[in-house]
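Asks: Below are the structure tokens for one structure; questions will follow.
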Amino acid sequence: MSFHSTTGTSGAGSHARPLRTAHFASVAALGGFLFGYDTAVINGAVTSIRETFGVGSVVTGLAVAMALIGSALGAWNAGTLADRYGRLVTMRTAAVLFLLSAIGSALPFTVWDFTFWRLIGGVAVGMASVIAPAYIAEIAPARRRGRLGTLQQLAIVLGIAISQVINWAIAGAAGGAAEPLLGLDAWQWMLAVEAVPAVLYGALAFTIPESPRYLVTRGHFDRARQVLDTTEEGDVDERLTEIRESVVNDHRPRVRDLRSARSGLLPIVWIGIVLSVLQQFGGINVIFYYSSALWQSVGIDESSSLLLSLSTQIFNVLGTVIALLLLDKVGRRPLLLTGSVGMTVMLGLATFAFSHANTVDGEPNLANPYGPMALVAAHVFVFFFAISWGPVVWVLLGEMFPNRFRAPALAVAAAAQWLANFLVTATFPPLSDISLSMTYLGYTAFAAVSVWFVLKWVPETKGRTLEDMDRTTVSSRA
């Protein structure tokens, strides 16, 4: 394991700790990069896949969305795998699955084996979506946990953005996503490129230490202290004692620990589930997965639509960087509320614009001023999501659950998120065929509900240690 312990809390070792912790968090967040790339790269290939295999909107939606069923499966099982074998083994397993999916989905024989390889990639995405925020939350000092946790979302949006750059570049080189390039169709190369970061992720997962909280659950106190000595900015022995007191060493966390006699699940788990579902029901991934096809459906050519998909990711990255800078200063709840209000307004504007779509010479078209209005609304919507519900939900899921059941609770919440993502992604093609504006009106309603939910139920976790939240959550066990 290639990390170095430095005793003491001052001098060169003290200055090196933030850099080491940032390195550990960045490697874990590389899973988020693959998460973003894998889920969004399909954007540039949707139309070509539909044409290549001669399938309709329902099968197309299923092929795209099947990765999300895999993500739910991966998220559901990642907690068990992480608690039984460790956070690092889970990362390495996800890297292998990412690699297999990249190769398999780039070389399909039918739409059905393509769907299978997308399912495998989805399992890897689900695992990465659970293990990265959990690992970062457990390795980071409380003072910097929000900022380091946001690295996961920054990696996700960079993965999405780079996938759109690659889609645009490959399609441009081939003359179209369905055109041949070096022995394969361009859309196949779009999917195959994912193999590169998958190999890098797997290799770098051998360069970081195991989570100190996992080590404590296994009784490896000396190793846990060594890791804390490389990351903790305060009294290492005091932090180790806090972790030992908060972790039940003879009990492996399980989903059954989340049950409550009164409400089925503990209140804090329900909050995590609803946060996850509302993040998806605003329709953010319709833009990430279908924006190219969406813009083509209202009269924009393929090259321009791919470029527009890329431009939305610039807003996505910019918003995430702003969230990274603000999260530990203003807190989680203010950012969520700002995002909820902004997303509601922009989705309402998009609904209004799409209600004016018409047909010109047999092709769909958004005339001025409704075309520019829809484009502005989509870009600003992505920005509001990026400064709020994108990064903040993942940070909260990584830190709001107590140590004794963090992994299974995060797995349940993440699985709910992926199932919600699947529902939105699979239903968008047929629903948009019926009425694009009414589909967006539904997303607007859920964004509005999120304002109430944050005000009523979401706790503020800024600046609190995981062990402090562990103690205060005990009272929620009912």
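Lettering and numbering for the structure tokens are positional, with chains as A, B, ... in the shown order, residues counted from 1 in each chain, and ligands counted from 1 in the shown order.
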So that I can see what lies close to Arg92 (chain A), please list as a list in words the residues with an atom at most 7 Å from it, counting only C-alpha atoms and leaving out residues fewer than 3 positions away in the same chain.
Replies: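 Counting only the stated atoms, we get Leu88, Val89, Ala95, Val96, Gly202 and Ala205 of chain A.
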Asks: Identify, on the basis of only C-alpha atoms, every residue whose closest approach to Leu337 (chain A) does not exceed 9 Å; exclude the query and any residue fewer than 5 positions from it along the same chain; express the result as a PyMOL selection string.
Replies: chain A and resi 332+342+388+450-452+454-455
Asks: Mind writing the picked residues with all heavy atoms as a PDB file, in the first residue's frame?
Replies:
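part02.pdb written:
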ATOM      1  N   ARG A 332     -25.410  22.617   3.767  1.00  0.00           N
ATOM      2  CA  ARG A 332     -26.092  21.765   2.790  1.00  0.00           C
ATOM      3  C   ARG A 332     -27.500  22.284   2.464  1.00  0.00           C
ATOM      4  O   ARG A 332     -27.893  22.356   1.301  1.00  0.00           O
ATOM      5  CB  ARG A 332     -26.199  20.330   3.328  1.00  0.00           C
ATOM      6  CG  ARG A 332     -24.938  19.493   3.295  1.00  0.00           C
ATOM      7  CD  ARG A 332     -23.783  20.054   4.050  1.00  0.00           C
ATOM      8  NE  ARG A 332     -22.720  19.087   4.327  1.00  0.00           N
ATOM      9  CZ  ARG A 332     -21.481  19.428   4.579  1.00  0.00           C
ATOM     10  NH1 ARG A 332     -21.109  20.700   4.570  1.00  0.00           N
ATOM     11  NH2 ARG A 332     -20.570  18.501   4.836  1.00  0.00           N
ATOM     12  N   GLY A 342     -34.574  27.321  -8.108  1.00  0.00           N
ATOM     13  CA  GLY A 342     -34.093  27.598  -9.458  1.00  0.00           C
ATOM     14  C   GLY A 342     -34.521  26.536 -10.459  1.00  0.00           C
ATOM     15  O   GLY A 342     -34.936  26.861 -11.586  1.00  0.00           O
ATOM     16  N   SER A 388     -26.381  22.292  -6.354  1.00  0.00           N
ATOM     17  CA  SER A 388     -27.225  21.870  -5.240  1.00  0.00           C
ATOM     18  C   SER A 388     -27.468  20.367  -5.215  1.00  0.00           C
ATOM     19  O   SER A 388     -26.684  19.614  -4.634  1.00  0.00           O
ATOM     20  CB  SER A 388     -28.563  22.621  -5.299  1.00  0.00           C
ATOM     21  OG  SER A 388     -29.236  22.379  -6.537  1.00  0.00           O
ATOM     22  N   SER A 450     -39.650  19.318  -3.859  1.00  0.00           N
ATOM     23  CA  SER A 450     -38.359  19.245  -3.185  1.00  0.00           C
ATOM     24  C   SER A 450     -38.107  20.445  -2.278  1.00  0.00           C
ATOM     25  O   SER A 450     -37.386  20.342  -1.284  1.00  0.00           O
ATOM     26  CB  SER A 450     -37.225  19.117  -4.214  1.00  0.00           C
ATOM     27  OG  SER A 450     -37.006  20.326  -4.917  1.00  0.00           O
ATOM     28  N   VAL A 451     -38.695  21.606  -2.591  1.00  0.00           N
ATOM     29  CA  VAL A 451     -38.554  22.785  -1.730  1.00  0.00           C
ATOM     30  C   VAL A 451     -39.152  22.485  -0.355  1.00  0.00           C
ATOM     31  O   VAL A 451     -38.519  22.710   0.683  1.00  0.00           O
ATOM     32  CB  VAL A 451     -39.245  24.019  -2.352  1.00  0.00           C
ATOM     33  CG1 VAL A 451     -39.128  25.215  -1.410  1.00  0.00           C
ATOM     34  CG2 VAL A 451     -38.647  24.345  -3.716  1.00  0.00           C
ATOM     35  N   TRP A 452     -40.371  21.976  -0.357  1.00  0.00           N
ATOM     36  CA  TRP A 452     -41.043  21.637   0.908  1.00  0.00           C
ATOM     37  C   TRP A 452     -40.268  20.576   1.677  1.00  0.00           C
ATOM     38  O   TRP A 452     -40.097  20.679   2.886  1.00  0.00           O
ATOM     39  CB  TRP A 452     -42.453  21.138   0.609  1.00  0.00           C
ATOM     40  CG  TRP A 452     -43.092  20.470   1.801  1.00  0.00           C
ATOM     41  CD1 TRP A 452     -43.722  21.092   2.853  1.00  0.00           C
ATOM     42  CD2 TRP A 452     -43.133  19.069   2.076  1.00  0.00           C
ATOM     43  NE1 TRP A 452     -44.160  20.148   3.764  1.00  0.00           N
ATOM     44  CE2 TRP A 452     -43.807  18.894   3.321  1.00  0.00           C
ATOM     45  CE3 TRP A 452     -42.670  17.937   1.399  1.00  0.00           C
ATOM     46  CZ2 TRP A 452     -44.026  17.651   3.883  1.00  0.00           C
ATOM     47  CZ3 TRP A 452     -42.894  16.688   1.965  1.00  0.00           C
ATOM     48  CH2 TRP A 452     -43.555  16.548   3.193  1.00  0.00           C
ATOM     49  N   VAL A 454     -37.053  19.746   1.707  1.00  0.00           N
ATOM     50  CA  VAL A 454     -35.826  20.244   2.335  1.00  0.00           C
ATOM     51  C   VAL A 454     -36.164  21.053   3.591  1.00  0.00           C
ATOM     52  O   VAL A 454     -35.552  20.880   4.653  1.00  0.00           O
ATOM     53  CB  VAL A 454     -35.009  21.100   1.349  1.00  0.00           C
ATOM     54  CG1 VAL A 454     -33.824  21.749   2.056  1.00  0.00           C
ATOM     55  CG2 VAL A 454     -34.512  20.236   0.192  1.00  0.00           C
ATOM     56  N   LEU A 455     -37.148  21.948   3.485  1.00  0.00           N
ATOM     57  CA  LEU A 455     -37.532  22.772   4.629  1.00  0.00           C
ATOM     58  C   LEU A 455     -38.028  21.928   5.800  1.00  0.00           C
ATOM     59  O   LEU A 455     -37.750  22.231   6.962  1.00  0.00           O
ATOM     60  CB  LEU A 455     -38.625  23.763   4.215  1.00  0.00           C
ATOM     61  CG  LEU A 455     -38.187  24.932   3.323  1.00  0.00           C
ATOM     62  CD1 LEU A 455     -39.403  25.694   2.811  1.00  0.00           C
ATOM     63  CD2 LEU A 455     -37.237  25.860   4.076  1.00  0.00           C
TER      64      LEU A 455
END
Asks: Write out as a PyMOL selection string the residues lying within 12 Å of Ser311 (chain A), counting only C-alpha atoms and excluding same-chain residues fewer than 2 positions away.
Replies: chain A and resi 160-162+164-165+168+287-288+291-292+304-309+313-318+375-376+378-380+382-383
Asks: Taking 4 positions as the minimum chain separation for residues in the same chain, which residues sit within 10 Å of Val341 (chain A) when counting only C-alpha atoms? Answer as a list in words.
Replies: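 Once the adjacent positions are removed, what remains is Leu336, Leu337, Val345, Met346, Phe384, Ala447, Ala448, Val449, Ser450 and Val451 of chain A.
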Asks: Those residues you just picked out, can you put them in a file as a tab-separated table (two decimals), in the first residue's frame with N, CA and C atoms?
Replies:
chain	number	residue	atom	x	y	z
A	336	LEU	N	-29.36	23.31	-1.20
A	336	LEU	CA	-30.48	22.52	-1.70
A	336	LEU	C	-31.70	23.40	-1.99
A	337	LEU	N	-31.99	24.32	-1.09
A	337	LEU	CA	-33.14	25.19	-1.28
A	337	LEU	C	-32.96	26.10	-2.50
A	345	VAL	N	-38.30	26.88	-11.41
A	345	VAL	CA	-38.55	27.98	-12.35
A	345	VAL	C	-38.10	27.60	-13.76
A	346	MET	N	-36.90	27.02	-13.88
A	346	MET	CA	-36.38	26.70	-15.22
A	346	MET	C	-37.16	25.56	-15.88
A	384	PHE	N	-28.37	25.09	-11.84
A	384	PHE	CA	-28.97	25.05	-10.51
A	384	PHE	C	-28.85	23.65	-9.89
A	447	ALA	N	-39.84	19.04	-8.72
A	447	ALA	CA	-38.87	20.04	-8.27
A	447	ALA	C	-39.51	20.95	-7.23
A	448	ALA	N	-40.78	21.29	-7.42
A	448	ALA	CA	-41.47	22.13	-6.45
A	448	ALA	C	-41.64	21.41	-5.11
A	449	VAL	N	-41.95	20.12	-5.16
A	449	VAL	CA	-42.08	19.33	-3.93
A	449	VAL	C	-40.77	19.30	-3.15
A	450	SER	N	-39.65	19.32	-3.86
A	450	SER	CA	-38.36	19.24	-3.19
A	450	SER	C	-38.11	20.45	-2.28
A	451	VAL	N	-38.69	21.61	-2.59
A	451	VAL	CA	-38.55	22.79	-1.73
A	451	VAL	C	-39.15	22.48	-0.36
Asks: Skip Val412 (chain A) itself and residues of its chain fewer than 3 positions away, then list as a ChimeraX atom specification all residues within 6 Å of it, counting only C-alpha atoms.
Replies: /A:76,409,415
Asks: Convert the current residue selection to file output with N, CA, C and O atoms, as a compact mmCIF listing (two decimals), in the first residue's frame.
Replies:
# COMPACT_ATOMS: atom_id res chain seq x y z
N TRP A 76 -27.33 -1.79 -4.23
CA TRP A 76 -27.93 -2.60 -3.17
C TRP A 76 -26.91 -3.54 -2.54
O TRP A 76 -26.89 -3.76 -1.33
N ALA A 409 -27.47 1.52 4.75
CA ALA A 409 -28.38 2.64 4.54
C ALA A 409 -28.06 3.38 3.25
O ALA A 409 -28.96 3.74 2.47
N ALA A 415 -29.81 2.63 -4.15
CA ALA A 415 -30.63 1.75 -4.98
C ALA A 415 -31.94 2.44 -5.35
O ALA A 415 -32.41 2.35 -6.49
Asks: Just how far from CA of Phe381 (chain A) is CA of Ala65 (chain A), in Å to one decimal?
Replies: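 CA of Phe381 (chain A) lies at a distance of 22.1 Å from CA of Ala65 (chain A).
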Asks: Neighbouring residues of Phe446 (chain A) were defined as those with any atom within 12 Å, considering only C-alpha atoms; residues of the same chain fewer than 3 positions away were excluded. Please report them as a VMD selection string.
Replies: chain A and resid 274 to 275 277 to 284 340 to 341 343 to 345 347 to 348 424 439 to 443 449 to 453
Asks: Atoms to include: N, CA and C atoms. Write the selected residues as a compact mmCIF listing (two decimals), in the first residue's frame.
Replies:
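What ended up in selection.txt:
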# COMPACT_ATOMS: atom_id res chain seq x y z
N VAL A 274 -35.94 9.51 0.05
CA VAL A 274 -36.70 10.57 -0.63
C VAL A 274 -35.76 11.58 -1.29
N LEU A 275 -34.65 11.90 -0.62
CA LEU A 275 -33.65 12.77 -1.25
C LEU A 275 -33.20 12.18 -2.59
N VAL A 277 -34.74 9.97 -4.55
CA VAL A 277 -35.81 9.92 -5.55
C VAL A 277 -36.08 11.31 -6.13
N LEU A 278 -36.15 12.32 -5.25
CA LEU A 278 -36.41 13.68 -5.74
C LEU A 278 -35.27 14.19 -6.62
N GLN A 279 -34.05 13.77 -6.33
CA GLN A 279 -32.93 14.18 -7.19
C GLN A 279 -33.17 13.74 -8.63
N GLN A 280 -33.77 12.56 -8.81
CA GLN A 280 -33.99 12.02 -10.15
C GLN A 280 -35.28 12.49 -10.78
N PHE A 281 -36.34 12.67 -9.96
CA PHE A 281 -37.66 12.99 -10.53
C PHE A 281 -37.75 14.40 -11.07
N GLY A 282 -36.71 15.21 -10.88
CA GLY A 282 -36.66 16.50 -11.56
C GLY A 282 -36.28 16.38 -13.02
N GLY A 283 -35.89 15.17 -13.46
CA GLY A 283 -35.61 14.92 -14.87
C GLY A 283 -34.22 15.30 -15.33
N ILE A 284 -33.26 15.44 -14.39
CA ILE A 284 -31.93 15.86 -14.79
C ILE A 284 -31.30 14.91 -15.79
N SER A 340 -33.50 23.96 -5.57
CA SER A 340 -34.89 23.55 -5.76
C SER A 340 -35.72 24.67 -6.39
N VAL A 341 -35.56 25.88 -5.87
CA VAL A 341 -36.32 27.02 -6.41
C VAL A 341 -35.90 27.30 -7.86
N MET A 343 -34.46 25.26 -10.07
CA MET A 343 -34.85 24.19 -10.98
C MET A 343 -36.34 24.25 -11.29
N THR A 344 -37.15 24.57 -10.28
CA THR A 344 -38.59 24.65 -10.51
C THR A 344 -38.92 25.73 -11.54
N VAL A 345 -38.30 26.88 -11.41
CA VAL A 345 -38.55 27.98 -12.35
C VAL A 345 -38.10 27.60 -13.76
N LEU A 347 -37.58 24.57 -15.10
CA LEU A 347 -38.38 23.49 -15.68
C LEU A 347 -39.75 24.03 -16.13
N GLY A 348 -40.30 24.97 -15.36
CA GLY A 348 -41.55 25.59 -15.79
C GLY A 348 -41.38 26.34 -17.09
N VAL A 424 -37.53 7.26 -14.74
CA VAL A 424 -37.54 8.49 -15.54
C VAL A 424 -36.97 8.22 -16.94
N THR A 439 -44.72 16.10 -20.11
CA THR A 439 -43.66 15.35 -19.43
C THR A 439 -42.83 16.29 -18.57
N TYR A 440 -42.47 17.44 -19.12
CA TYR A 440 -41.67 18.40 -18.37
C TYR A 440 -42.48 19.06 -17.25
N LEU A 441 -43.79 19.14 -17.42
CA LEU A 441 -44.64 19.67 -16.34
C LEU A 441 -44.57 18.74 -15.12
N GLY A 442 -44.50 17.43 -15.37
CA GLY A 442 -44.35 16.48 -14.27
C GLY A 442 -43.04 16.68 -13.53
N TYR A 443 -41.94 16.90 -14.27
CA TYR A 443 -40.64 17.15 -13.63
C TYR A 443 -40.69 18.44 -12.80
N VAL A 449 -41.95 20.12 -5.16
CA VAL A 449 -42.08 19.33 -3.93
C VAL A 449 -40.77 19.30 -3.15
N SER A 450 -39.65 19.32 -3.86
CA SER A 450 -38.36 19.24 -3.19
C SER A 450 -38.11 20.45 -2.28
N VAL A 451 -38.69 21.61 -2.59
CA VAL A 451 -38.55 22.79 -1.73
C VAL A 451 -39.15 22.48 -0.36
N TRP A 452 -40.37 21.98 -0.36
CA TRP A 452 -41.04 21.64 0.91
C TRP A 452 -40.27 20.58 1.68
N PHE A 453 -39.78 19.56 0.97
CA PHE A 453 -39.11 18.45 1.65
C PHE A 453 -37.84 18.91 2.36
Asks: Sorted by chain and rising residue number, which residues of region 128-173 of chain A lie within 12 Å of region 213-223 of chain A, and what are their closest atom pairs and distances in Å to one decimal, counting only C-alpha atoms, as CSV?
Replies:
residue,atom,partner,partner_atom,distance
A:Ala134,CA,A:Arg213,CA,10.4
A:Tyr135,CA,A:Arg213,CA,9.3
A:Ile136,CA,A:Arg213,CA,11.4
A:Ala137,CA,A:Arg213,CA,10.3
A:Glu138,CA,A:Arg213,CA,6.6
A:Ile139,CA,A:Arg213,CA,8.4
A:Ala140,CA,A:Arg213,CA,11.4
Asks: Ranking A:Leu240, A:Ala177, A:Leu97, A:Ile170 by minimum distance to Gly74 (chain A) and counting only C-alpha atoms, which one comes first?
Replies: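 Of A:Leu240, A:Ala177, A:Leu97, A:Ile170, the one nearest Gly74 (chain A), counting only C-alpha atoms, is A:Leu97.
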Asks: For region 393-401 of chain A, find every residue with an atom within 7 Å (counting only C-alpha atoms), except residues of its own chain fewer than 4 positions away, and show them as a compact mmCIF listing (two decimals) with N, CA, C and O atoms, in the first residue's frame.
Replies:
# COMPACT_ATOMS: atom_id res chain seq x y z
N PRO A 133 -18.75 7.93 -2.01
CA PRO A 133 -19.11 8.84 -0.92
C PRO A 133 -18.88 8.26 0.46
O PRO A 133 -18.51 8.99 1.39
N ALA A 134 -19.07 6.94 0.62
CA ALA A 134 -18.82 6.32 1.92
C ALA A 134 -17.35 6.40 2.29
O ALA A 134 -16.99 6.78 3.41
N ALA A 137 -16.26 10.09 2.97
CA ALA A 137 -16.77 10.55 4.26
C ALA A 137 -15.97 9.96 5.41
O ALA A 137 -15.75 10.62 6.44
N GLY A 146 -17.12 18.10 3.51
CA GLY A 146 -18.03 18.55 2.47
C GLY A 146 -17.30 18.82 1.16
O GLY A 146 -17.73 18.40 0.09
N GLY A 149 -16.03 15.58 -0.23
CA GLY A 149 -17.16 14.81 -0.72
C GLY A 149 -17.66 15.30 -2.06
O GLY A 149 -18.15 14.52 -2.88
N THR A 150 -17.53 16.59 -2.29
CA THR A 150 -17.98 17.16 -3.56
C THR A 150 -17.09 16.71 -4.72
O THR A 150 -17.49 16.80 -5.88
N GLY A 272 -33.08 9.78 3.41
CA GLY A 272 -32.11 9.47 2.37
C GLY A 272 -32.77 8.96 1.10
O GLY A 272 -32.39 9.33 -0.02
N LEU A 275 -34.65 11.90 -0.62
CA LEU A 275 -33.65 12.77 -1.25
C LEU A 275 -33.20 12.18 -2.59
O LEU A 275 -33.11 12.88 -3.61
N TRP A 389 -28.51 19.92 -5.86
CA TRP A 389 -28.94 18.53 -5.73
C TRP A 389 -27.95 17.53 -6.30
O TRP A 389 -27.91 16.38 -5.86
N PHE A 405 -24.73 1.59 10.70
CA PHE A 405 -25.42 1.06 9.52
C PHE A 405 -25.24 1.95 8.30
O PHE A 405 -26.09 2.00 7.42
N ARG A 406 -24.10 2.67 8.22
CA ARG A 406 -23.89 3.59 7.09
C ARG A 406 -23.92 2.85 5.76
O ARG A 406 -24.60 3.28 4.82
N ALA A 409 -27.47 1.52 4.75
CA ALA A 409 -28.38 2.64 4.54
C ALA A 409 -28.06 3.38 3.25
O ALA A 409 -28.96 3.74 2.47
N LEU A 410 -26.78 3.60 3.00
CA LEU A 410 -26.36 4.24 1.76
C LEU A 410 -26.71 3.37 0.56
O LEU A 410 -27.13 3.87 -0.49
N THR A 461 -25.75 19.09 8.22
CA THR A 461 -24.64 18.26 8.71
C THR A 461 -23.29 18.97 8.63
O THR A 461 -22.26 18.37 8.93
N LEU A 466 -18.73 12.43 11.94
CA LEU A 466 -19.61 11.29 11.72
C LEU A 466 -20.05 10.70 13.04
O LEU A 466 -21.19 10.23 13.19
N MET A 469 -22.91 12.73 14.58
CA MET A 469 -24.18 12.39 13.94
C MET A 469 -24.65 11.01 14.36
O MET A 469 -25.84 10.74 14.47
Asks: For a test of reading the model, state the distance in Å between CA of Leu107 (chain A) and CA of Ile42 (chain A), rounded to one decimal.
Replies: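 Result for CA of Leu107 (chain A) versus CA of Ile42 (chain A): 14.2 Å, one decimal.
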Asks: Rounded to one decimal, what separation in Å do you get between CA of Glu232 (chain A) and CA of Leu326 (chain A)?
Replies: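 Spanning CA of Glu232 (chain A) to CA of Leu326 (chain A) is a straight-line distance of 22.0 Å.
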Asks: Go through A:Thr115, A:Asn358, A:Thr21, A:Thr90 and flag the residue nearest Thr60 (chain A), using only C-alpha atoms for the distances.
Replies: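 The shortest atom-to-atom distance to Thr60 (chain A) comes from A:Thr115.
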Asks: Would you please work out which residue, of A:Leu423, A:Met438, A:Ala414, A:Leu19, is nearest to Met66 (chain A) when using only C-alpha atoms?
Replies: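 Closest to Met66 (chain A) of all the choices is A:Leu423.
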Asks: Check the DSSP output for the backbone and give back, as JSON, numbers by chain, the residues of region 11-214 of chain A in helix (DSSP H, G or I).
Replies: {"A": [11, 12, 13, 14, 15, 16, 17, 18, 19, 20, 21, 22, 23, 24, 25, 26, 27, 28, 29, 30, 31, 32, 33, 34, 35, 36, 37, 38, 39, 40, 41, 42, 43, 44, 46, 47, 48, 49, 50, 51, 52, 53, 57, 58, 59, 60, 61, 62, 63, 64, 65, 66, 67, 68, 69, 70, 71, 72, 73, 74, 75, 76, 77, 78, 79, 80, 81, 82, 83, 84, 85, 87, 88, 89, 90, 91, 92, 93, 94, 95, 96, 97, 98, 99, 100, 101, 102, 103, 104, 105, 106, 111, 112, 113, 114, 115, 116, 117, 118, 119, 120, 121, 122, 123, 124, 125, 126, 127, 128, 129, 130, 131, 132, 133, 134, 135, 136, 137, 138, 139, 142, 143, 144, 145, 146, 147, 148, 149, 150, 151, 152, 153, 154, 155, 156, 157, 158, 159, 160, 161, 162, 163, 164, 165, 166, 167, 168, 169, 170, 171, 172, 173, 174, 186, 187, 188, 189, 190, 191, 192, 195, 196, 197, 198, 199, 200, 201, 202, 203, 204, 212, 213, 214]}
Asks: For each of A:Pro430, A:Pro212, A:Gly319, A:Ile69, take the minimum atom-to-atom distance to Gln153 (chain A), counting only C-alpha atoms, then give the residue where this is smallest.
Replies: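 Ranked by minimum distance to Gln153 (chain A), first place goes to A:Gly319.
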Asks: Compare A:Thr320, A:Thr425, A:Ser163, A:Thr231 by their minimum atom-to-atom distance to Val286 (chain A), counting only C-alpha atoms, and give me the closest one.
Replies: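 The shortest atom-to-atom distance to Val286 (chain A) comes from A:Thr425.
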Asks: Among region 60-270 of chain A, which ones does DSSP place in strand (DSSP E or B), written as a list in words?
Replies: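 For region 60-270 of chain A, the strand (DSSP E or B) set is Pro180, Leu181, Leu184, Asp185, Arg259, Ser260, Gly264 and Leu265 of chain A.
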Asks: Pick the closest to Ala420 (chain A) from A:Ile103, A:Ser71, A:Ile131, A:Leu327: which is it, counting only C-alpha atoms?
Replies: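 Closest to Ala420 (chain A), using only C-alpha atoms: A:Ser71.
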